[in-house]
Structure formats: structure tokens, C-alpha cells
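Below is the file entry_2.cif, which contains mmCIF, C-alpha atoms and all ligand atoms.
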data_data
loop_
_atom_site.label_atom_id
_atom_site.label_comp_id
_atom_site.auth_asym_id
_atom_site.auth_seq_id
_atom_site.Cartn_x
_atom_site.Cartn_y
_atom_site.Cartn_z
CA MET H 262 -3.08 25.12 17.05
CA ALA H 263 0.64 24.57 16.58
CA GLU H 264 0.56 20.89 17.42
CA PRO H 265 -2.89 19.35 17.07
CA ALA H 266 -3.23 15.71 17.97
CA ALA H 267 -2.40 13.47 15.06
CA ASN H 268 -5.20 11.12 15.97
CA GLY H 269 -8.13 13.37 16.93
CA THR H 270 -11.29 12.85 14.93
CA SER H 271 -13.30 15.59 13.30
CA GLY H 272 -16.80 14.23 13.87
CA LYS H 273 -19.27 15.50 11.28
CA VAL H 274 -18.14 18.62 9.46
CA VAL H 275 -20.31 20.46 6.96
CA ILE H 276 -18.71 22.95 4.60
CA ARG H 277 -21.26 25.03 2.70
CA ASN H 278 -21.27 27.97 0.34
CA VAL H 279 -18.11 27.00 -1.57
CA GLY H 280 -17.77 29.38 -4.52
CA LEU H 281 -15.48 27.20 -6.63
CA MET H 282 -14.75 23.53 -5.99
CA LEU H 283 -11.43 22.32 -7.43
CA SER H 284 -11.39 18.52 -7.55
CA GLY H 285 -7.69 17.73 -8.02
CA ASP H 286 -8.72 15.45 -10.90
CA ILE H 287 -7.01 16.64 -14.08
CA ASP H 288 -9.70 15.05 -16.23
CA ARG H 289 -12.38 17.11 -14.46
CA PRO H 290 -10.68 19.86 -12.45
CA ILE H 291 -13.84 21.80 -11.50
CA LEU H 292 -16.80 20.19 -9.75
CA ASP H 293 -20.40 21.40 -9.94
CA ALA H 294 -20.68 21.48 -6.15
CA ASP H 295 -20.87 23.94 -3.27
CA THR H 296 -20.95 21.59 -0.25
CA VAL H 297 -18.69 18.98 1.32
CA VAL H 298 -19.68 16.74 4.22
CA VAL H 299 -16.92 15.12 6.28
CA ARG H 300 -17.28 12.28 8.75
CA ASP H 301 -14.38 11.48 11.06
CA GLY H 302 -11.77 12.91 8.76
CA ARG H 303 -13.05 11.41 5.50
CA ILE H 304 -15.11 12.98 2.75
CA ALA H 305 -18.65 11.57 3.06
CA ALA H 306 -20.46 13.64 0.41
CA VAL H 307 -19.74 16.27 -2.23
CA GLY H 308 -22.38 18.09 -4.19
CA ARG H 309 -25.05 20.77 -4.13
CA GLU H 310 -26.25 21.61 -0.63
CA ALA H 311 -29.79 20.41 -1.30
CA ASP H 312 -28.45 16.98 -2.25
CA CYS H 313 -26.24 16.50 0.84
CA ASP H 314 -27.15 15.47 4.38
CA THR H 315 -26.10 18.61 6.22
CA SER H 316 -28.08 17.95 9.40
CA THR H 317 -26.58 18.23 12.91
CA PRO H 318 -22.94 18.87 12.14
CA ASP H 319 -20.35 19.00 14.89
CA VAL H 320 -18.68 21.81 12.98
CA LEU H 321 -20.29 24.04 10.35
CA VAL H 322 -18.03 26.05 8.05
CA ASP H 323 -19.36 28.80 5.82
CA ALA H 324 -16.86 29.02 2.98
CA ARG H 325 -18.31 32.45 2.09
CA GLY H 326 -17.92 31.89 -1.64
CA THR H 327 -14.22 31.05 -1.51
CA THR H 328 -12.45 28.30 -3.44
CA LEU H 329 -11.96 24.86 -1.91
CA ALA H 330 -9.18 22.65 -3.26
CA PRO H 331 -7.58 19.45 -2.00
CA GLY H 332 -4.71 20.21 0.37
CA LEU H 333 -1.51 20.69 -1.60
CA ILE H 334 1.06 17.90 -1.70
CA ASP H 335 4.75 18.72 -1.75
CA SER H 336 6.27 15.74 -3.53
CA HIS H 337 9.87 16.55 -2.63
CA VAL H 338 11.11 17.74 0.76
CA HIS H 339 14.17 17.02 2.88
CA PRO H 340 13.01 16.89 6.52
CA VAL H 341 15.27 15.84 9.37
CA PHE H 342 13.48 15.54 12.71
CA GLY H 343 10.73 17.57 14.30
CA ASP H 344 9.85 20.91 12.79
CA TRP H 345 13.51 21.81 12.42
CA THR H 346 15.94 21.94 9.53
CA PRO H 347 19.67 22.19 10.11
CA ARG H 348 20.22 23.10 6.45
CA GLN H 349 19.37 26.74 7.08
CA GLY H 350 19.07 26.57 10.86
CA GLN H 351 15.32 27.07 10.80
CA LEU H 352 12.52 26.14 13.17
CA GLY H 353 8.85 25.82 12.29
CA TRP H 354 9.27 25.38 8.54
CA ILE H 355 6.63 22.64 8.26
CA ASP H 356 3.98 24.61 10.15
CA SER H 357 4.88 27.62 8.00
CA THR H 358 4.39 25.53 4.87
CA MET H 359 0.96 24.45 6.10
CA HIS H 360 0.13 28.16 6.01
CA GLY H 361 1.02 27.89 2.30
CA GLY H 362 -1.72 25.31 1.79
CA VAL H 363 0.43 22.16 2.03
CA THR H 364 -1.15 19.28 3.94
CA THR H 365 1.12 16.39 2.88
CA MET H 366 4.88 16.32 2.32
CA ILE H 367 6.91 13.47 0.89
CA SER H 368 10.51 13.01 1.93
CA ALA H 369 13.11 12.57 -0.78
CA GLY H 370 15.62 11.61 1.89
CA GLU H 371 16.59 12.85 5.34
CA VAL H 372 19.89 13.94 3.83
CA HIS H 373 20.54 16.96 6.03
CA LEU H 374 20.80 15.04 9.30
CA PRO H 375 24.10 16.09 10.86
CA GLY H 376 26.36 13.03 10.87
CA ARG H 377 23.96 11.05 8.67
CA PRO H 378 25.02 7.39 8.68
CA LYS H 379 26.07 5.99 5.31
CA ASP H 380 26.81 2.41 6.38
CA ILE H 381 24.01 0.04 5.49
CA VAL H 382 22.71 -0.84 8.94
CA GLY H 383 22.91 2.83 9.92
CA LEU H 384 21.02 4.13 6.89
CA LYS H 385 18.32 1.51 7.42
CA ALA H 386 17.99 2.43 11.09
CA LEU H 387 17.70 6.12 10.21
CA ALA H 388 14.99 5.47 7.64
CA ILE H 389 12.94 3.39 10.05
CA THR H 390 13.37 5.98 12.82
CA ALA H 391 12.39 8.89 10.55
CA GLN H 392 9.31 7.02 9.31
CA ARG H 393 8.21 6.35 12.89
CA ALA H 394 9.03 9.82 14.18
CA PHE H 395 7.01 11.65 11.55
CA ASP H 396 4.19 9.15 11.81
CA ASN H 397 3.96 10.12 15.49
CA PHE H 398 4.57 13.86 15.15
CA ARG H 399 2.73 16.10 12.71
CA PRO H 400 3.75 19.77 12.86
CA GLY H 401 0.68 21.87 12.09
CA GLY H 402 -1.13 18.60 11.40
CA VAL H 403 0.90 18.12 8.19
CA LYS H 404 1.36 14.53 7.10
CA VAL H 405 5.10 14.14 6.56
CA LEU H 406 5.76 10.85 4.78
CA ALA H 407 9.37 10.30 5.75
CA GLY H 408 11.87 7.53 6.18
CA ALA H 409 13.43 7.60 2.71
CA PRO H 410 16.85 5.91 2.78
CA ILE H 411 19.64 7.03 0.49
CA ILE H 412 20.84 3.86 -1.20
CA GLU H 413 24.51 2.98 -1.02
CA LYS H 414 26.76 0.47 -2.75
CA GLY H 415 26.67 -2.99 -1.20
CA MET H 416 22.94 -3.10 -0.40
CA THR H 417 21.34 -6.44 -1.14
CA GLU H 418 17.82 -7.50 -2.00
CA GLN H 419 17.39 -8.58 1.63
CA ASP H 420 18.03 -4.99 2.77
CA PHE H 421 15.05 -3.80 0.73
CA ALA H 422 12.90 -6.63 2.05
CA ASP H 423 13.91 -5.67 5.61
CA LEU H 424 13.11 -1.99 5.04
CA ALA H 425 9.70 -2.77 3.58
CA LYS H 426 8.89 -5.13 6.41
CA ALA H 427 9.78 -2.40 8.90
CA GLY H 428 7.35 0.06 7.28
CA VAL H 429 9.60 2.00 4.91
CA LYS H 430 7.68 2.96 1.76
CA LEU H 431 10.01 5.38 0.01
CA LEU H 432 13.56 5.61 -1.27
CA GLY H 433 15.43 8.87 -0.95
CA GLU H 434 16.75 10.42 -4.11
CA VAL H 435 18.78 7.82 -5.96
CA GLY H 436 22.12 9.37 -6.82
CA LEU H 437 22.69 11.22 -3.54
CA GLY H 438 24.57 8.21 -2.17
CA SER H 439 27.31 6.09 -3.71
CA VAL H 440 24.95 4.42 -6.20
CA LYS H 441 25.27 6.64 -9.25
CA ALA H 442 25.70 4.20 -12.16
CA GLY H 443 22.61 3.36 -14.20
CA ALA H 444 22.87 -0.43 -14.01
CA GLU H 445 23.41 -0.51 -10.24
CA ALA H 446 20.59 1.97 -9.65
CA LYS H 447 18.28 -0.05 -11.91
CA THR H 448 18.86 -3.22 -9.87
CA MET H 449 18.14 -1.52 -6.55
CA VAL H 450 15.12 0.42 -7.84
CA ALA H 451 13.69 -2.89 -9.08
CA TRP H 452 14.27 -4.50 -5.66
CA ALA H 453 12.55 -1.54 -4.02
CA ARG H 454 9.59 -1.82 -6.37
CA LYS H 455 9.33 -5.55 -5.75
CA TYR H 456 8.79 -4.85 -2.04
CA GLY H 457 6.40 -1.93 -2.55
CA ILE H 458 8.92 0.86 -1.92
CA GLN H 459 8.55 3.88 -4.21
CA SER H 460 11.65 5.44 -5.73
CA THR H 461 12.75 8.90 -6.85
CA ILE H 462 15.92 9.75 -8.72
CA HIS H 463 17.94 12.95 -8.56
CA THR H 464 18.06 14.53 -12.03
CA GLY H 465 20.68 17.04 -13.17
CA GLY H 466 23.85 18.52 -11.80
CA PRO H 467 25.15 18.33 -8.23
CA SER H 468 23.00 20.15 -5.65
CA ILE H 469 25.72 21.07 -3.19
CA PRO H 470 29.43 20.28 -2.96
CA GLY H 471 29.77 16.53 -2.50
CA SER H 472 26.76 15.46 -4.58
CA GLY H 473 27.04 14.48 -8.24
CA LEU H 474 25.59 14.60 -11.75
CA ILE H 475 22.78 12.28 -12.81
CA ASP H 476 22.29 12.54 -16.57
CA LYS H 477 19.35 11.49 -18.70
CA ASP H 478 20.81 8.10 -19.60
CA VAL H 479 21.14 7.16 -15.92
CA VAL H 480 17.59 8.41 -15.23
CA LEU H 481 16.21 6.30 -18.09
CA GLU H 482 18.18 3.20 -17.13
CA ALA H 483 17.39 3.40 -13.39
CA ASP H 484 13.65 3.76 -14.21
CA ALA H 485 12.67 5.13 -10.77
CA ASP H 486 8.98 5.83 -10.15
CA VAL H 487 9.56 9.57 -10.03
CA ILE H 488 11.92 11.58 -12.24
CA GLY H 489 12.90 13.73 -9.28
CA HIS H 490 13.27 17.47 -9.96
CA ILE H 491 13.36 17.04 -13.72
CA ASN H 492 14.14 20.77 -13.86
CA GLY H 493 17.28 20.30 -11.76
CA GLY H 494 17.96 20.75 -8.13
CA HIS H 495 19.19 23.40 -8.94
CA THR H 496 21.28 22.74 -12.09
CA ALA H 497 19.18 21.31 -14.91
CA LEU H 498 19.97 19.06 -17.83
CA SER H 499 19.55 20.64 -21.26
CA GLU H 500 15.97 21.28 -22.35
CA ALA H 501 16.43 18.73 -25.13
CA HIS H 502 17.38 16.05 -22.60
CA VAL H 503 14.52 17.01 -20.27
CA CYS H 504 12.04 16.74 -23.14
CA GLU H 505 13.58 13.39 -24.09
CA LEU H 506 13.00 12.16 -20.51
CA CYS H 507 9.34 13.24 -20.71
CA GLU H 508 8.95 11.38 -24.00
CA ARG H 509 10.89 8.17 -23.37
CA SER H 510 9.92 7.52 -19.75
CA SER H 511 6.41 6.92 -18.49
CA ARG H 512 7.26 7.84 -14.89
CA ALA H 513 6.18 10.88 -12.89
CA ILE H 514 7.56 14.21 -14.08
CA GLU H 515 8.41 16.08 -10.90
CA ILE H 516 8.97 19.84 -11.20
CA VAL H 517 10.37 21.67 -8.17
CA HIS H 518 10.61 25.19 -6.87
CA ASN H 519 14.32 24.93 -6.03
CA GLY H 520 15.17 24.14 -9.63
CA ASN H 521 15.65 25.85 -12.95
CA GLU H 522 12.51 27.84 -13.72
CA ARG H 523 13.03 28.04 -17.48
CA VAL H 524 13.36 24.26 -17.65
CA ALA H 525 10.36 23.87 -15.32
CA ILE H 526 8.27 25.62 -17.94
CA ALA H 527 9.78 23.55 -20.76
CA ALA H 528 9.03 20.30 -18.90
CA ALA H 529 5.42 21.27 -18.18
CA LYS H 530 4.87 22.30 -21.80
CA ALA H 531 6.45 19.05 -23.01
CA ALA H 532 4.05 17.04 -20.84
CA ILE H 533 1.08 18.96 -22.27
CA GLU H 534 2.31 18.45 -25.84
CA LEU H 535 2.88 14.75 -25.19
CA ARG H 536 -0.68 14.55 -23.80
CA CYS H 537 0.49 13.28 -20.44
CA PRO H 538 -0.35 16.16 -18.05
CA HIS H 539 -1.42 13.56 -15.45
CA ARG H 540 2.29 12.70 -14.96
CA VAL H 541 3.25 16.18 -13.77
CA ILE H 542 3.70 16.55 -10.00
CA LEU H 543 5.13 19.44 -7.96
CA GLY H 544 7.61 19.77 -5.12
CA THR H 545 9.77 22.37 -3.50
CA ASP H 546 13.00 20.40 -2.85
CA GLY H 547 13.25 22.42 0.35
CA PRO H 548 14.92 22.76 2.78
CA ALA H 549 17.96 23.18 0.56
CA GLY H 550 20.67 25.60 -0.37
CA SER H 551 17.90 27.79 -1.79
CA GLY H 552 16.21 27.78 1.60
CA VAL H 553 12.70 26.92 2.70
CA GLN H 554 9.68 28.11 0.75
CA PRO H 555 6.45 28.05 2.74
CA LEU H 556 4.66 29.26 -0.39
CA GLY H 557 6.75 27.19 -2.80
CA ILE H 558 3.94 25.03 -4.15
CA LEU H 559 1.63 28.03 -4.64
CA ARG H 560 4.50 29.84 -6.36
CA MET H 561 5.01 26.89 -8.73
CA ILE H 562 1.29 26.85 -9.52
CA ALA H 563 1.35 30.57 -10.34
CA LEU H 564 4.55 30.21 -12.38
CA LEU H 565 3.34 27.31 -14.50
CA SER H 566 -0.09 28.81 -15.01
CA SER H 567 1.10 32.29 -15.91
CA VAL H 568 4.31 31.62 -17.86
CA ALA H 569 3.66 28.15 -19.32
CA GLY H 570 0.09 29.20 -20.09
CA ILE H 571 -1.59 26.15 -18.53
CA PRO H 572 -5.08 26.81 -17.10
CA ALA H 573 -4.81 27.33 -13.34
CA GLU H 574 -7.43 24.71 -12.52
CA GLN H 575 -5.26 22.10 -14.26
CA VAL H 576 -2.07 23.25 -12.56
CA PHE H 577 -3.72 22.81 -9.14
CA CYS H 578 -4.11 19.13 -10.11
CA PHE H 579 -0.31 18.89 -10.56
CA ALA H 580 -0.01 19.57 -6.82
CA THR H 581 -2.94 17.45 -5.65
CA GLY H 582 -4.64 14.62 -7.53
CA ASN H 583 -1.75 13.84 -9.86
CA THR H 584 0.63 13.40 -6.94
CA ALA H 585 -1.90 11.37 -4.97
CA ARG H 586 -2.41 9.02 -7.90
CA MET H 587 1.24 8.65 -8.87
CA ARG H 588 2.15 8.05 -5.23
CA LYS H 589 -0.93 6.06 -4.20
CA LEU H 590 -2.05 8.43 -1.42
CA ASP H 591 -5.53 8.59 0.09
CA CYS H 592 -5.72 12.40 -0.18
CA GLY H 593 -5.39 14.87 -3.07
CA LEU H 594 -8.88 14.57 -4.56
CA VAL H 595 -12.25 15.94 -3.49
CA GLU H 596 -13.93 12.58 -3.70
CA VAL H 597 -16.00 10.46 -1.30
CA GLY H 598 -13.78 8.27 0.88
CA ARG H 599 -10.65 10.42 0.58
CA ALA H 600 -8.99 12.20 3.51
CA ALA H 601 -10.66 15.55 4.25
CA ASP H 602 -7.53 17.63 3.60
CA PHE H 603 -8.49 20.99 2.10
CA VAL H 604 -7.11 24.42 1.41
CA PHE H 605 -9.54 27.33 1.13
CA MET H 606 -8.34 30.17 -1.04
CA ASP H 607 -9.53 33.41 -2.51
CA ARG H 608 -7.94 35.89 -4.85
CA ALA H 609 -5.38 37.99 -3.03
CA GLN H 610 -6.49 41.47 -2.08
CA HIS H 611 -5.87 43.95 -4.93
CA THR H 612 -4.78 41.37 -7.52
CA ALA H 613 -5.55 42.43 -11.07
CA GLY H 614 -7.36 39.12 -11.57
CA ARG H 615 -11.15 39.23 -11.22
CA THR H 616 -11.37 35.62 -10.03
CA LEU H 617 -9.04 33.30 -8.18
CA LEU H 618 -8.21 31.34 -11.33
CA GLU H 619 -7.65 34.50 -13.36
CA SER H 620 -5.36 35.92 -10.67
CA VAL H 621 -3.24 32.76 -10.70
CA GLY H 622 -3.13 32.89 -14.49
CA LEU H 623 -1.75 36.41 -14.15
CA GLY H 624 1.02 35.10 -11.90
CA ASP H 625 -0.35 36.16 -8.52
CA ILE H 626 -0.47 33.62 -5.73
CA PRO H 627 -3.82 33.21 -4.01
CA GLY H 628 -4.56 34.09 -0.42
CA VAL H 629 -5.11 31.10 1.87
CA GLY H 630 -8.07 31.60 4.20
CA MET H 631 -8.21 28.24 5.97
CA VAL H 632 -6.46 24.86 5.98
CA MET H 633 -8.18 21.69 7.11
CA ILE H 634 -6.45 18.33 7.61
CA ASP H 635 -8.46 15.19 8.38
CA GLY H 636 -11.49 17.47 8.71
CA ILE H 637 -9.87 19.52 11.49
CA VAL H 638 -9.23 23.25 11.04
CA ARG H 639 -5.46 23.77 11.33
CA CYS H 640 -5.29 27.47 10.52
CA GLY H 641 -7.55 30.33 9.55
CA ARG H 642 -6.22 33.25 7.52
CA SER H 643 -2.67 32.34 6.50
CA ARG H 644 0.11 34.28 8.17
CA ASN H 645 2.22 33.82 5.03
CA THR H 646 0.20 34.37 1.88
CA PRO H 647 -1.01 37.77 0.74
CA PRO H 648 -4.35 38.33 2.45
CA ALA H 649 -7.28 36.59 0.81
CA THR H 650 -10.17 38.87 -0.19
CA GLU H 651 -12.69 36.62 1.59
CA ILE H 652 -12.09 33.84 4.09
CA PRO H 653 -14.24 30.97 5.42
CA VAL H 654 -15.63 31.12 8.93
CA VAL H 655 -16.56 28.45 11.44
CA VAL H 656 -20.15 29.47 12.18
CA ALA H 657 -21.09 26.77 14.63
CA THR H 658 -19.48 24.04 16.63
CA ALA H 659 -21.10 21.47 18.85
CA HIS H 660 -18.03 21.21 21.09
ZN ZN X 1 18.19 16.22 -5.73
#
File written out as C-alpha cells:
Amino acid sequence: MAEPAANGTSGKVVIRNVGLMLSGDIDRPILDADTVVVRDGRIAAVGREADCDTSTPDVLVDARGTTLAPGLIDSHVHPVFGDWTPRQGQLGWIDSTMHGGVTTMISAGEVHLPGRPKDIVGLKALAITAQRAFDNFRPGGVKVLAGAPIIEKGMTEQDFADLAKAGVKLLGEVGLGSVKAGAEAKTMVAWARKYGIQSTIHTGGPSIPGSGLIDKDVVLEADADVIGHINGGHTALSEAHVCELCERSSRAIEIVHNGNERVAIAAAKAAIELRCPHRVILGTDGPAGSGVQPLGILRMIALLSSVAGIPAEQVFCFATGNTARMRKLDCGLVEVGRAADFVFMDRAQHTAGRTLLESVGLGDIPGVGMVMIDGIVRCGRSRNTPPATEIPVVVATAH
């Protein structure tokens, strides 16, 4: 199960007996449904079992009353190649993160590549290679959206047109390269947007020796699609400046694990007070100096729910449907037509919470009992989370 084919099809999968269906949609986070039908990796029906065509499945899963949510999306990772990170000399970090419920990761730049090229033709070649490599190789089945160039001084509009034409859809964190001034960043972000390339900007103090400060005025002027790690990566701007960013920008508010936790809570509360919770998305910013966090997204969900006091079912949307919508992905919502990427969870054994949502609200992370990507089971009981009280079982398979 370590390296399932990226292109296998699931056939017809019926998932029944779901105890709680989390939709990923912040306007309606809980669905009145207990059954999902999948056809060839896509959601074909969601509802009550009696209302769904559950006949002759290739695979039948009994969720045994557990919670089904869209697979979690990590909006901010720094992959290199394969399932390896040189930052902390670790192997298998992506597969390990799948065991934390993550089914899609979005690169904020392949910045840890030893000897990373910083000349323009070199950085373009790296981005195209990384995009291709992760398109062809999915550790644990995880969709790693990579190929996110770090922009450097001297790039022209034609460079962005070339990148887009070659299949690059993301910019790495603006500010990690030589482009650090607001006006210059604004020009390049606008070129990227013109050619359909999404942008993220580094926010806050330098991450590691050699990187630099990006303050709120640069973030506002550059106007990237995502205010990357608004709570710092790791050093945050002042809470007043973070709240000002939430208020004056309309872009995604990305909160990360490898950032300042106090400011993470302030940013989430500001978004709620400003009535824009749909803008909040979650990432880990791993691998980084703080390491790799296979449970980083679940930990952020528990942190924001328990300490910021935001209902757990809404916080799950920060890591699923919000990210999918802000980043135009075909996953992240339990909705007909979307990719059948799911995480099955139950309250961890011996949590004080009586239900999964209550346990998360008390600050406990849930136990993952199964992860499915494109309708294919990628793991059963997680090797990384605390054990779930109940887990789903595959009761029948036609193969
Ligand atoms: Zn950063």
C-alpha cells in the first residue's frame, strides 16, 4: 500500500453507515447523510442509504458509525523530490502525513532542494520538473501539487507565460527569492495571475538564516492570492498588523502549524469577526526548521477549535472545502462530481469528549481509521494518530 498506482480506478464503491458526514462546506458543514457512492474515483451520490443506488458495488465499506470528512488539504508544504526531505533528512514524510488524514498537498516552493538553481532558466526548469515528477509519483496516493518557482529579479512577463504553458500552476512563496519589494512583487504576481498561476506570499520574519522579512505593507501591495502563513513561518507580524491584513485584503488567510500559535488564534478570530471564515485555509509549512508534522493539519484543527473556540465542524472546512475553493481544486467537498478523497475518523480512545466534534473542541486530535483517495483505500487504522475508538471496515470486494 506504500505506492499505489496513481492512475488505478476504484470502480463502484459504496460507503454505508457513516455516523457523521462532514461536508467541507463552511455554509453547511454537516450533511444529513449516511451513505456515499463512488464511481471511478468520483463521488456519484451522497445521501441516506435508501435514496442511493447501492447495488453491486466493487467495494463495500461499512463505516461503522464513524465520521467521514473530505480528505484534508495541506495548503503549504515544501517538498523536494520523491518521499524525501533533505531539510531534516527524512524519508517517508508524505506517506506519514497521509496517515494524518491529508490527501492533497500544495507546494509553496521546492526551496530545500540542495543546490537549488536561482538563475531564471534554472528555476523555471526546476519548477517544470517538480510539477511533472509529483504528477507521476504519488507517495501513499497523496496528490502533491508541486512545481512552484521562487521568483527572482529579472523575470519577465514572457517567463510567466512560458511557465504556464509548460503546466506550472503555482508560484512558490513570494519573498523567498530576490523579489522582496512590494512594487516588484505586485508586477510579477499580476503576470502570474494573468496566465492562471496562483501565488502565495511569505508573511512575517525570516524563516531561516538567508531569508528575509515581508511586512504587511509588502503583503498588501503584492496582493498574492494567498497570504501565506499569516501567523508567521515562524516569526509573526504583530497581531495588529495580522488583523489589518485580514481586514484590508480579500485574499486567502493561510494559518500554518509551523508558525506562531498565539497569532494563529488571533487571525482565525479576526476572520470570524470580519465574517469571512470562508477565507481561512490551513497548512503545515513543513518540512521546515520545525520539522515534519504528519498530524499537523489535525493539530491545527484541534488548536483552533479548542483555543479559538470555533466549532470543530467549521474548522474542518478550513482544511478542506475552503482550501479547495480558494485554490480551485476538484476535491475538498463531499459533493457529487468531486474527487472521492476521504478521511474516516472517530474520537480517540479515552478522550474526555463524548463525540468526535466534542473531543476536537476539547483539544484532542481524532483517531484516523481509514483514508481513501480517488475512491481507493490507502490506509486503514492510522499508524500515527491516537487509536480511533471505532474504524471502518471493507466488508466486501468484487476483486
Ligand atoms: Zn515562508
Within-8 Å residues of ligand ZN 1 (chain X), basis only C-alpha atoms and all ligand atoms, as an mmCIF file with C-alpha atoms, in the coordinates of the input:
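What ended up in part-v5.cif:
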data_model
loop_
_atom_site.group_PDB
_atom_site.id
_atom_site.type_symbol
_atom_site.label_atom_id
_atom_site.label_comp_id
_atom_site.auth_asym_id
_atom_site.auth_seq_id
_atom_site.Cartn_x
_atom_site.Cartn_y
_atom_site.Cartn_z
ATOM 1 C CA ALA H 369 13.110 12.570 -0.780
ATOM 2 C CA GLU H 434 16.750 10.420 -4.110
ATOM 3 C CA GLY H 436 22.120 9.370 -6.820
ATOM 4 C CA LEU H 437 22.690 11.220 -3.540
ATOM 5 C CA ILE H 462 15.920 9.750 -8.720
ATOM 6 C CA HIS H 463 17.940 12.950 -8.560
ATOM 7 C CA THR H 464 18.060 14.530 -12.030
ATOM 8 C CA GLY H 465 20.680 17.040 -13.170
ATOM 9 C CA PRO H 467 25.150 18.330 -8.230
ATOM 10 C CA SER H 468 23.000 20.150 -5.650
ATOM 11 C CA GLY H 489 12.900 13.730 -9.280
ATOM 12 C CA HIS H 490 13.270 17.470 -9.960
ATOM 13 C CA GLY H 493 17.280 20.300 -11.760
ATOM 14 C CA GLY H 494 17.960 20.750 -8.130
ATOM 15 C CA HIS H 495 19.190 23.400 -8.940
ATOM 16 C CA ASP H 546 13.000 20.400 -2.850
#
With distances taken over all atoms listed in the file, which of H:Leu506, H:Pro290, H:Val298, H:Pro400 is nearest to Asp344 of chain H? H:Pro400
Within 10 Å of segment 640-645 of chain H, counting all atoms listed in the file, which residues qualify if same-chain residues fewer than 6 places away don't, as a PDB file with C-alpha atoms, in the frame of the given file?
ATOM      1  CA  MET H 262      -3.080  25.120  17.050  1.00  0.00           C
ATOM      2  CA  ALA H 263       0.640  24.570  16.580  1.00  0.00           C
ATOM      3  CA  ASP H 356       3.980  24.610  10.150  1.00  0.00           C
ATOM      4  CA  SER H 357       4.880  27.620   8.000  1.00  0.00           C
ATOM      5  CA  THR H 358       4.390  25.530   4.870  1.00  0.00           C
ATOM      6  CA  MET H 359       0.960  24.450   6.100  1.00  0.00           C
ATOM      7  CA  HIS H 360       0.130  28.160   6.010  1.00  0.00           C
ATOM      8  CA  GLY H 361       1.020  27.890   2.300  1.00  0.00           C
ATOM      9  CA  GLY H 362      -1.720  25.310   1.790  1.00  0.00           C
ATOM     10  CA  GLY H 401       0.680  21.870  12.090  1.00  0.00           C
ATOM     11  CA  GLY H 402      -1.130  18.600  11.400  1.00  0.00           C
ATOM     12  CA  PRO H 555       6.450  28.050   2.740  1.00  0.00           C
ATOM     13  CA  LEU H 556       4.660  29.260  -0.390  1.00  0.00           C
ATOM     14  CA  VAL H 604      -7.110  24.420   1.410  1.00  0.00           C
ATOM     15  CA  PHE H 605      -9.540  27.330   1.130  1.00  0.00           C
ATOM     16  CA  MET H 606      -8.340  30.170  -1.040  1.00  0.00           C
ATOM     17  CA  GLY H 628      -4.560  34.090  -0.420  1.00  0.00           C
ATOM     18  CA  VAL H 629      -5.110  31.100   1.870  1.00  0.00           C
ATOM     19  CA  GLY H 630      -8.070  31.600   4.200  1.00  0.00           C
ATOM     20  CA  MET H 631      -8.210  28.240   5.970  1.00  0.00           C
ATOM     21  CA  VAL H 632      -6.460  24.860   5.980  1.00  0.00           C
ATOM     22  CA  MET H 633      -8.180  21.690   7.110  1.00  0.00           C
ATOM     23  CA  ILE H 634      -6.450  18.330   7.610  1.00  0.00           C
ATOM     24  CA  GLU H 651     -12.690  36.620   1.590  1.00  0.00           C
ATOM     25  CA  ILE H 652     -12.090  33.840   4.090  1.00  0.00           C
ATOM     26  CA  PRO H 653     -14.240  30.970   5.420  1.00  0.00           C
ATOM     27  CA  VAL H 654     -15.630  31.120   8.930  1.00  0.00           C
ATOM     28  CA  VAL H 655     -16.560  28.450  11.440  1.00  0.00           C
TER      29      VAL H 655
END
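Each of H:Ile626, H:Leu618, H:Val320, H:Leu387 was compared to Ile558 of chain H using all atoms listed in the file, and H:Ile626 turns out to be the nearest.
Using only C-alpha atoms, the nearest neighbour of Ser336 of chain H within the list H:Gly350, H:Gly550, H:Gly433, H:Gly622 is H:Gly433.
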Correct to one decimal, the distance atom CA of Ile533 of chain H-atom CA of Asn521 of chain H is 18.6 Å
Taking all atoms of segment 639-643 of chain H that the file lists, what box with edges along x, y and z, padded by 5 Å per side, do you get, with centre and edge lengths in Å to one decimal, as lines of an AutoDock Vina configuration file?
center_x = -5.1
center_y = 28.5
center_z = 8.9
size_x = 14.9
size_y = 19.5
size_z = 14.8
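Considering the residues H:Leu564, H:Val338, H:Ala569, H:Val405 and counting all atoms listed in the file, Ala527 of chain H has its shortest atom-to-atom contact with H:Ala569.
With distances taken over all atoms listed in the file, H:Ala409 is the one residue among H:Val382, H:Ala409, H:Leu617, H:Ala601 lying closest to Ile367 of chain H.
A straight line drawn from atom CA of Val363 of chain H to atom CA of Ala324 of chain H is 18.6 Å long.
We find atom CA of Phe342 of chain H and atom CA of Phe395 of chain H to be spaced 7.6 Å apart.
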Find the residues near Val297 of chain H: any atom within 7 Å, counting all atoms listed in the file, skip ones fewer than 3 places away on the same chain, and give them as number ranges by chain. H: 275-277, 306-308
May I have the residues within 12 Å of Asp625 of chain H as a ChimeraX atom specification, using all atoms listed in the file and disregarding those fewer than 6 positions away in the same chain? /H:556,559-568,573,607-619,646-649
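The neighbours of Gln459 of chain H here are the residues that come within 9 Å of it, using all atoms listed in the file and leaving out any residue fewer than 6 positions away in the same chain; they are Lys430, Leu431, Leu432, Val450, Ala453, Ala485, Asp486, Val487 and Arg588 of chain H.
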H:Val274, H:Leu424, H:Leu590, H:Ala659: which is nearest Thr365 of chain H, counting only C-alpha atoms? H:Leu590
Name the residues, using the chain letters and numbers of the file, that sit within 8 Å of (10.4, 23.9, -10.0) when counting only C-alpha atoms, and give them as a list in words. His490, Asn492, Gly493, Ile516, Val517, His518, Asn519, Gly520, Asn521, Glu522, Ala525, Leu543, Gly544, Thr545 and Met561 of chain H
Extract, using only C-alpha atoms, all DNA, RNA and protein residues at most 6 Å from Thr581 of chain H, discarding same-chain residues fewer than 2 positions from it, and format them as a JSON list (two decimals) with C-alpha atoms, in the coordinates of the input.
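After the write, around_26.json holds the following:
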[["chain", "number", "residue", "atom", "x", "y", "z"],
["H", 285, "GLY", "CA", -7.69, 17.73, -8.02],
["H", 333, "LEU", "CA", -1.51, 20.69, -1.60],
["H", 334, "ILE", "CA", 1.06, 17.90, -1.70],
["H", 578, "CYS", "CA", -4.11, 19.13, -10.11],
["H", 579, "PHE", "CA", -0.31, 18.89, -10.56],
["H", 583, "ASN", "CA", -1.75, 13.84, -9.86],
["H", 584, "THR", "CA", 0.63, 13.40, -6.94],
["H", 593, "GLY", "CA", -5.39, 14.87, -3.07]]
